[in-house]
There are 2 protein chains.
Amino acid sequence: MVKNERTAPRPSAKREAILDAAQACFLEQGYAATSMDAVASGATVSKATIYAHFASKDALFAAVICRRCDNSSYTTGWPDGSGEAREALLAAGTVLMTLLLAPETMAMYRVVVAEAVRQPDLARAFWEEGPGRGKERLTALFAGLAERGVLRVADPWVAADQFAGMLRAEVFHRLLLGLPLPDGRTIETTVAAAVETLLRAYS
Amino acid sequence: MVKNERTAPRPSAKREAILDAAQACFLEQGYAATSMDAVASGATVSKATIYAHFASKDALFAAVICRRCDNSSYTTGWPDGSGEAREALLAAGTVLMTLLLAPETMAMYRVVVAEAVRQPDLARAFWEEGPGRGKERLTALFAGLAERGVLRVADPWVAADQFAGMLRAEVFHRLLLGLPLPDGRTIETTVAAAVETLLRAYS
DNA sequence: GTCTATAAAGCGATAGAC
DNA sequence: GTCTATCGCTTTATAGAC
């Protein structure tokens with residue numbers, strides 16, 4: 001850890017505590033309902049200290065979202081695309097949908113969507129680092145399967161779009177609205193149904 | 001128009017003006033960023049008049065959402081399911097996706113999602129009157145096509161879920177975040193691709 | 001950098017006249 | 001029902017001591 005970090009501010013203990021507390025507040029209660037007093041209290045820090053690190057509430061919010069985006073790169077279980085098509089799609093679908101339905105992801109999505117109109121740059125960054133990146137990996141997977149001839153996909157982008165869409169159907173939208181799920185619909189059944197449909201369509 | 005309306009309050013000119021102004025504010029700026037002063041100004045009415053009609057800001061918001069839900073029943077162009085499967089699905093998909101991508105629908109979705117945690121009852125009402133109703137119609141359509149034997153669908157709910165999901169894929173989520181659309185992706189191409197995929201899978 | 005204390009403004013909601 | 005005027009509270013942000 002040399003001191004040669006010009007772009008990002010170097011992490012300090014207080015700064016991290018502030019970001020942690022702010023993330024908890026923003027994700028649980030939304031942007032507007034979160035007060036700087038609540039963040040200060042959560043971080044056991046005075047409000048003035050927050051303003052020493054972040055220019056404004058907007059800047060603090062942006063910092064929280066960006067930090068979260070940078071950390072959203074865990075891809076354990078992602079298939080390399082070398083085996084059977086069904087196997088690869090089941091693995092990819094399970095990874096994506098598990099990440100998608102994680103409470104933290106849902107909360108993140110809610111708050112970014114809510115603030116998208118007010119902070120367009122943030123919405124763009126969120127998409128590119130989050131859903132957009134997953135979409136690219138999925139497109140690459142379909143392209144690889146098509147190239148190897150195990151799947152007859154004319155346009156990998158469209159196939160990835162359809163796959164992602166089927167994963168993010170009613171289950172996702174009900175969770176986003178905080179509603180109970182329909183009986184018997186789980187990650188496994190949804191992924192399996194989507195994979196079977198795609199295999200029948202593209203074989 | 002007899003005076004026998006016990007449930008809903010009878011419409012008055014001022015009341016409607018308030019609801020119109022409130023809807024414009026809430027959908028454009030969100031719940032928290034909308035002040036009662038702004039609504040009063042938009043309706044050319046005093047703030048006290050608003051409180052004569054609505055108990056609180058929350059109540060006003062709920063009234064706006066519910067009124068909008070009641071009006072979202074235009075189904076021009078919805079297929080009766082008597083003809084060919086491709087024809088019926090193309091028609092249904094176009095109707096759904098056109099409604100889905102309408103700016104007003106997008107704004108509504110944004111604000112309801114943002115307030116879902118704080119007002120769960122409202123989120124539930126929105127789902128049942130909006131997306132839920134569309135989903136039911138779609139499920140019935142698939143069930144009818146399956147019954148007539150023109151489509152081999154084991155579970156109409158799953159088929160409807162997948163169709164709706166494919167319609168609400170990247171295009172929908174990018175619009176929700178206020179981002180530009182990828183080149184060459186329109187309502188027509190998305191609907192057509194989804195229909196072809198489902199036909200290949202379920203024929 | 002970090003604190004306490006406070007400024008300055010905006011908010012939802014209400015009182016009281018008409 | 002509708003208005004004007006205002007209350008009481010919370011908010012973001014800052015000043016000044018250390």
# chains A, B, ... in the order shown; residues from 1 in each chain; ligands from 1

$ residues_around --residues "DA13 (chain C)" --least-positions-apart "5" --cutoff "12 Å" --atoms "only C-alpha atoms (C1' of nucleotides)" --output "MDAnalysis selection string"
(chainID B and resid 36:37 47:52 54:57) or (chainID D and resid 6:9)

$ select_by_dssp --residues "region 126-172 of chain B" --states "helix (DSSP H, G or I)" --output "ChimeraX atom specification"
/B:126-129,131-148,156-167,170-172

$ interface_residues --of "chain C" --to "chain B" --cutoff "9 Å" --atoms "only C-alpha atoms (C1' of nucleotides)" --output "list in words"
DC11, DG12, DA13 and DT14 of chain C

$ interface_residues --of "chain A" --to "chain B" --cutoff "9 Å" --atoms "only C-alpha atoms" --output "ChimeraX atom specification"
/A:28-30,32-33,110-118,120,123-124,127,132,135,158,161-170,174,176-179,190,193-194,196-202

$ residues_around --residues "Ala63 (chain B)" --least-positions-apart "6" --cutoff "12 Å" --atoms "only C-alpha atoms (C1' of nucleotides)" --output "number ranges by chain"
B: 8-9, 15-16, 18-20, 22-23, 26, 53-57, 69-70, 122, 125-126

$ interface_residues --of "chain D" --to "chain A" --cutoff "9 Å" --atoms "only C-alpha atoms (C1' of nucleotides)" --output "PyMOL selection string"
chain D and resi 11-14

$ write_last_selection --atoms "all heavy atoms" --output "PDB file, in the first residue's frame"
ATOM      1  P    DT D  11     -35.275  14.867  10.120  1.00  0.00           P
ATOM      2  OP1  DT D  11     -35.559  13.546   9.533  1.00  0.00           O
ATOM      3  OP2  DT D  11     -34.495  14.976  11.369  1.00  0.00           O
ATOM      4  O5'  DT D  11     -34.589  15.769   9.011  1.00  0.00           O
ATOM      5  C5'  DT D  11     -35.263  16.017   7.767  1.00  0.00           C
ATOM      6  C4'  DT D  11     -34.584  17.142   7.003  1.00  0.00           C
ATOM      7  O4'  DT D  11     -34.829  18.383   7.690  1.00  0.00           O
ATOM      8  C3'  DT D  11     -33.064  17.040   6.970  1.00  0.00           C
ATOM      9  O3'  DT D  11     -32.662  16.291   5.837  1.00  0.00           O
ATOM     10  C2'  DT D  11     -32.632  18.501   6.824  1.00  0.00           C
ATOM     11  C1'  DT D  11     -33.806  19.304   7.365  1.00  0.00           C
ATOM     12  N1   DT D  11     -33.487  20.087   8.603  1.00  0.00           N
ATOM     13  C2   DT D  11     -33.179  21.423   8.488  1.00  0.00           C
ATOM     14  O2   DT D  11     -33.119  21.995   7.420  1.00  0.00           O
ATOM     15  N3   DT D  11     -32.930  22.061   9.678  1.00  0.00           N
ATOM     16  C4   DT D  11     -32.963  21.503  10.950  1.00  0.00           C
ATOM     17  O4   DT D  11     -32.716  22.173  11.954  1.00  0.00           O
ATOM     18  C5   DT D  11     -33.270  20.096  11.001  1.00  0.00           C
ATOM     19  C7   DT D  11     -33.330  19.383  12.328  1.00  0.00           C
ATOM     20  C6   DT D  11     -33.524  19.461   9.833  1.00  0.00           C
ATOM     21  P    DT D  12     -31.159  15.836   5.732  1.00  0.00           P
ATOM     22  OP1  DT D  12     -31.169  14.677   4.813  1.00  0.00           O
ATOM     23  OP2  DT D  12     -30.665  15.682   7.113  1.00  0.00           O
ATOM     24  O5'  DT D  12     -30.399  17.054   5.064  1.00  0.00           O
ATOM     25  C5'  DT D  12     -30.833  17.579   3.812  1.00  0.00           C
ATOM     26  C4'  DT D  12     -30.134  18.908   3.549  1.00  0.00           C
ATOM     27  O4'  DT D  12     -30.368  19.805   4.664  1.00  0.00           O
ATOM     28  C3'  DT D  12     -28.614  18.801   3.400  1.00  0.00           C
ATOM     29  O3'  DT D  12     -28.197  19.595   2.286  1.00  0.00           O
ATOM     30  C2'  DT D  12     -28.076  19.361   4.717  1.00  0.00           C
ATOM     31  C1'  DT D  12     -29.149  20.370   5.100  1.00  0.00           C
ATOM     32  N1   DT D  12     -29.260  20.621   6.564  1.00  0.00           N
ATOM     33  C2   DT D  12     -29.188  21.924   7.043  1.00  0.00           C
ATOM     34  O2   DT D  12     -29.019  22.893   6.326  1.00  0.00           O
ATOM     35  N3   DT D  12     -29.309  22.042   8.411  1.00  0.00           N
ATOM     36  C4   DT D  12     -29.503  21.012   9.323  1.00  0.00           C
ATOM     37  O4   DT D  12     -29.598  21.243  10.522  1.00  0.00           O
ATOM     38  C5   DT D  12     -29.569  19.688   8.740  1.00  0.00           C
ATOM     39  C7   DT D  12     -29.782  18.496   9.636  1.00  0.00           C
ATOM     40  C6   DT D  12     -29.449  19.551   7.412  1.00  0.00           C
ATOM     41  P    DA D  13     -26.691  19.468   1.738  1.00  0.00           P
ATOM     42  OP1  DA D  13     -26.702  19.874   0.309  1.00  0.00           O
ATOM     43  OP2  DA D  13     -26.145  18.154   2.098  1.00  0.00           O
ATOM     44  O5'  DA D  13     -25.922  20.593   2.541  1.00  0.00           O
ATOM     45  C5'  DA D  13     -26.394  21.941   2.446  1.00  0.00           C
ATOM     46  C4'  DA D  13     -25.752  22.778   3.532  1.00  0.00           C
ATOM     47  O4'  DA D  13     -26.242  22.366   4.834  1.00  0.00           O
ATOM     48  C3'  DA D  13     -24.220  22.690   3.623  1.00  0.00           C
ATOM     49  O3'  DA D  13     -23.662  23.927   3.195  1.00  0.00           O
ATOM     50  C2'  DA D  13     -23.937  22.380   5.094  1.00  0.00           C
ATOM     51  C1'  DA D  13     -25.261  22.730   5.777  1.00  0.00           C
ATOM     52  N9   DA D  13     -25.530  21.984   7.002  1.00  0.00           N
ATOM     53  C8   DA D  13     -25.702  20.634   7.144  1.00  0.00           C
ATOM     54  N7   DA D  13     -25.937  20.245   8.378  1.00  0.00           N
ATOM     55  C5   DA D  13     -25.913  21.415   9.108  1.00  0.00           C
ATOM     56  C6   DA D  13     -26.089  21.695  10.476  1.00  0.00           C
ATOM     57  N6   DA D  13     -26.330  20.745  11.396  1.00  0.00           N
ATOM     58  N1   DA D  13     -25.995  22.988  10.863  1.00  0.00           N
ATOM     59  C2   DA D  13     -25.745  23.936   9.943  1.00  0.00           C
ATOM     60  N3   DA D  13     -25.566  23.802   8.640  1.00  0.00           N
ATOM     61  C4   DA D  13     -25.666  22.502   8.278  1.00  0.00           C
ATOM     62  P    DT D  14     -22.064  24.145   3.221  1.00  0.00           P
ATOM     63  OP1  DT D  14     -21.763  25.082   2.117  1.00  0.00           O
ATOM     64  OP2  DT D  14     -21.387  22.850   3.305  1.00  0.00           O
ATOM     65  O5'  DT D  14     -21.861  24.936   4.587  1.00  0.00           O
ATOM     66  C5'  DT D  14     -22.708  26.051   4.850  1.00  0.00           C
ATOM     67  C4'  DT D  14     -22.381  26.661   6.197  1.00  0.00           C
ATOM     68  O4'  DT D  14     -22.817  25.775   7.265  1.00  0.00           O
ATOM     69  C3'  DT D  14     -20.902  26.941   6.459  1.00  0.00           C
ATOM     70  O3'  DT D  14     -20.789  28.229   7.035  1.00  0.00           O
ATOM     71  C2'  DT D  14     -20.517  25.842   7.453  1.00  0.00           C
ATOM     72  C1'  DT D  14     -21.806  25.726   8.244  1.00  0.00           C
ATOM     73  N1   DT D  14     -21.988  24.467   9.005  1.00  0.00           N
ATOM     74  C2   DT D  14     -22.243  24.524  10.353  1.00  0.00           C
ATOM     75  O2   DT D  14     -22.327  25.567  10.973  1.00  0.00           O
ATOM     76  N3   DT D  14     -22.383  23.308  10.954  1.00  0.00           N
ATOM     77  C4   DT D  14     -22.303  22.052  10.354  1.00  0.00           C
ATOM     78  O4   DT D  14     -22.448  21.032  10.999  1.00  0.00           O
ATOM     79  C5   DT D  14     -22.039  22.068   8.940  1.00  0.00           C
ATOM     80  C7   DT D  14     -21.941  20.780   8.178  1.00  0.00           C
ATOM     81  C6   DT D  14     -21.884  23.259   8.332  1.00  0.00           C
TER      82       DT D  14
END

$ closest_residue --among "B:Glu147, B:Glu104, B:Asp155, B:Glu188" --to "Ala85 (chain B)" --atoms "only C-alpha atoms"
B:Glu147

$ residues_around --residues "Thr98 (chain A)" --least-positions-apart "2" --cutoff "12 Å" --atoms "only C-alpha atoms (C1' of nucleotides)" --output "list in words"
Tyr74, Thr75, Thr76, Gly77, Trp78, Leu90, Ala91, Ala92, Gly93, Thr94, Val95, Leu96, Leu100, Leu101, Ala102, Pro103, Glu104, Thr105, Met106, Leu167, Arg168, Val171, Phe172, Thr186, Ile187, Glu188, Thr190 and Val191 of chain A
